[in-house]
2 protein chains.
Amino acid sequence: MSQPRTEPQAPGPEALTPAAARAQFRAGLRRPTSGFSAGYAQANLLALPRELAFDMLLFAQRNPKSCPVLGVFEPGQHDDAGSASPLLADGDVRTDIPAYRFYREGALVAEPDDATQHWREDLVAFLIGCSFTFEAPLLDAGIPIAHLEQGVNVPMYKTAIRCAPAGRLSGPLVVSMRPMPAHRIADAVRITSRYPGVHGAPVHIGSPAELGIRDLAAPDFGDPVEVPAGWTPVFWACGVTPQAAVMESKPELAISHAPGHMLITDLPNTALQVP
Amino acid sequence: MSQPRTEPQAPGPEALTPAAARAQFRAGLRRPTSGFSAGYAQANLLALPRELAFDMLLFAQRNPKSCPVLGVFEPGQHDDAGSASPLLADGDVRTDIPAYRFYREGALVAEPDDATQHWREDLVAFLIGCSFTFEAPLLDAGIPIAHLEQGVNVPMYKTAIRCAPAGRLSGPLVVSMRPMPAHRIADAVRITSRYPGVHGAPVHIGSPAELGIRDLAAPDFGDPVEVPAGWTPVFWACGVTPQAAVMESKPELAISHAPGHMLITDLPNTALQVP
């Protein structure tokens, strides 16, 4: 972020360091992470059995807008404290996310706060960039984020657009939606384009029907947001896309974050900027 | 490219369509592809047995500057005519590259013009972006390309920088070098930064010794170029890096392009631009 947004009394969640935010979630805080730790990348989690790891990595390579990979852990690995550039120093992907989803054969079976008991030595954890990351530079530019102003989770939708399949994985593109004032959309495109590692530029602006979205007020994940008069819905590819592929492709087990409840990493936004 | 560089009599290789260039190489033309088919992406090839495909894709994910993946074929697949966005319509990775390298247990054993006889059903072909791609926008900006002016292959060097390993694959970063006039280096950074899919911004400017390069006149791959007085060597990550990993990691079989002898794809440069 270009400037710290300090406040006189109580520092908000945007001022928390990634480590401090993770500690709160590890201790049980359960809420969406939009607005937390401004200036640091947030990540989606998808952990799959090793036998599906190549399919998942190939799915990500073929669908880079929805699945920009920030990191891949070794089978069974749940932290990266020893790595040269740790994404979560002193953190643990099994505990540091506010809420998890367990899928068995594609069905959501639980939404616990902790994944430790269900972790397996053959699980490969993929960390995929989240668009919450570029909300700080949008705010810095004075662009409003409706779901933050309304105090809700970002709305996310399954679309009628199919991802490129890879091996046993296939599914629809999932998008997040932020309504934008007409005169700021070009700026939002320009700014988010600089962050391809967290979904980059919007995939669609206006016309939800063309994405197969019938009712903006009924998102498939997250919460609805009110679209102010004269504003236009702007859609970004979303890291929940791999979860939609899990729901359709039905692997034996998958562990993910709950949509909107992200892993806050130590990776500074500046490391993701292009050019 | 912003403008076609037409010439009165004989159109140069830069004016060839990708399909026409591939046809010449398929017919036996053997030469570096720098300067061919301006405006279209060029690609490195690495084909490995399926059992190493995940390690290779993970190696690419962990070393995105040297291994930006443009495409991954299914095991045994050698063309993508049927795909939604073919990289080489009517082309074939076994025949359309000017020269190939065969590695057995990490040792270079042959450099044929055609890989058809040695292709196997379990080979997974990775197409990795090549920095020849952004030479057209550099030339459009009036930035000289020394190896083109001197009529030689680009010089490439193994460095002392280690890539992040992945599974059974490890090796050094390989870089290509283009000397640049001091007053154009910033422009070269700005322009190439827009093309992360073909290595993007330089990894190093000046000081070859810090990369472990002792003698610029003795590249590990390609040809030496004369560095004009007052010019500075500028180094970009190079798609020969996976070949260096093959040489070190010694898989049973690998098939690659010969350095500088690339696959010319149908992917327009504009599709790779950010933002």
# chains A, B, ... in the order shown; residues from 1 in each chain; ligands from 1

$ interface_residues --of "chain A" --to "chain B" --cutoff "8 Å" --atoms "only C-alpha atoms" --output "ChimeraX atom specification"
/A:53-54,57-58,61-62,69,71-72,190,193-194,274-275

$ select_by_dssp --residues "range 129-200 of chain A" --states "helix (DSSP H, G or I)" --output "PyMOL selection string"
chain A and resi 131-140+146-149+182-193+196-198

$ residues_around --residues "range 202-211 of chain A" --least-positions-apart "2" --cutoff "6 Å" --atoms "only C-alpha atoms" --output "PyMOL selection string"
chain A and resi 159-160+213-214+232-236

$ residues_around --residues "Pro18 in chain B" --least-positions-apart "6" --cutoff "7 Å" --atoms "only C-alpha atoms" --output "list of chain:residue names"
B:Ser37, B:Ile264, B:Thr265, B:Asp266

$ write_last_selection --atoms "N, CA, C and O atoms" --output "CSV table (one decimal), in the first residue's frame"
chain,number,residue,atom,x,y,z
B,37,SER,N,9.1,-14.3,-37.8
B,37,SER,CA,7.7,-14.1,-37.5
B,37,SER,C,7.4,-13.1,-36.4
B,37,SER,O,6.8,-13.4,-35.4
B,264,ILE,N,8.0,-21.8,-33.3
B,264,ILE,CA,7.3,-20.5,-33.5
B,264,ILE,C,5.8,-20.8,-33.5
B,264,ILE,O,5.3,-21.7,-34.2
B,265,THR,N,5.2,-20.2,-32.5
B,265,THR,CA,3.7,-20.5,-32.3
B,265,THR,C,2.8,-19.5,-32.9
B,265,THR,O,3.3,-18.5,-33.4
B,266,ASP,N,1.5,-19.8,-32.9
B,266,ASP,CA,0.5,-18.9,-33.5
B,266,ASP,C,0.0,-17.9,-32.4
B,266,ASP,O,-0.9,-17.2,-32.7
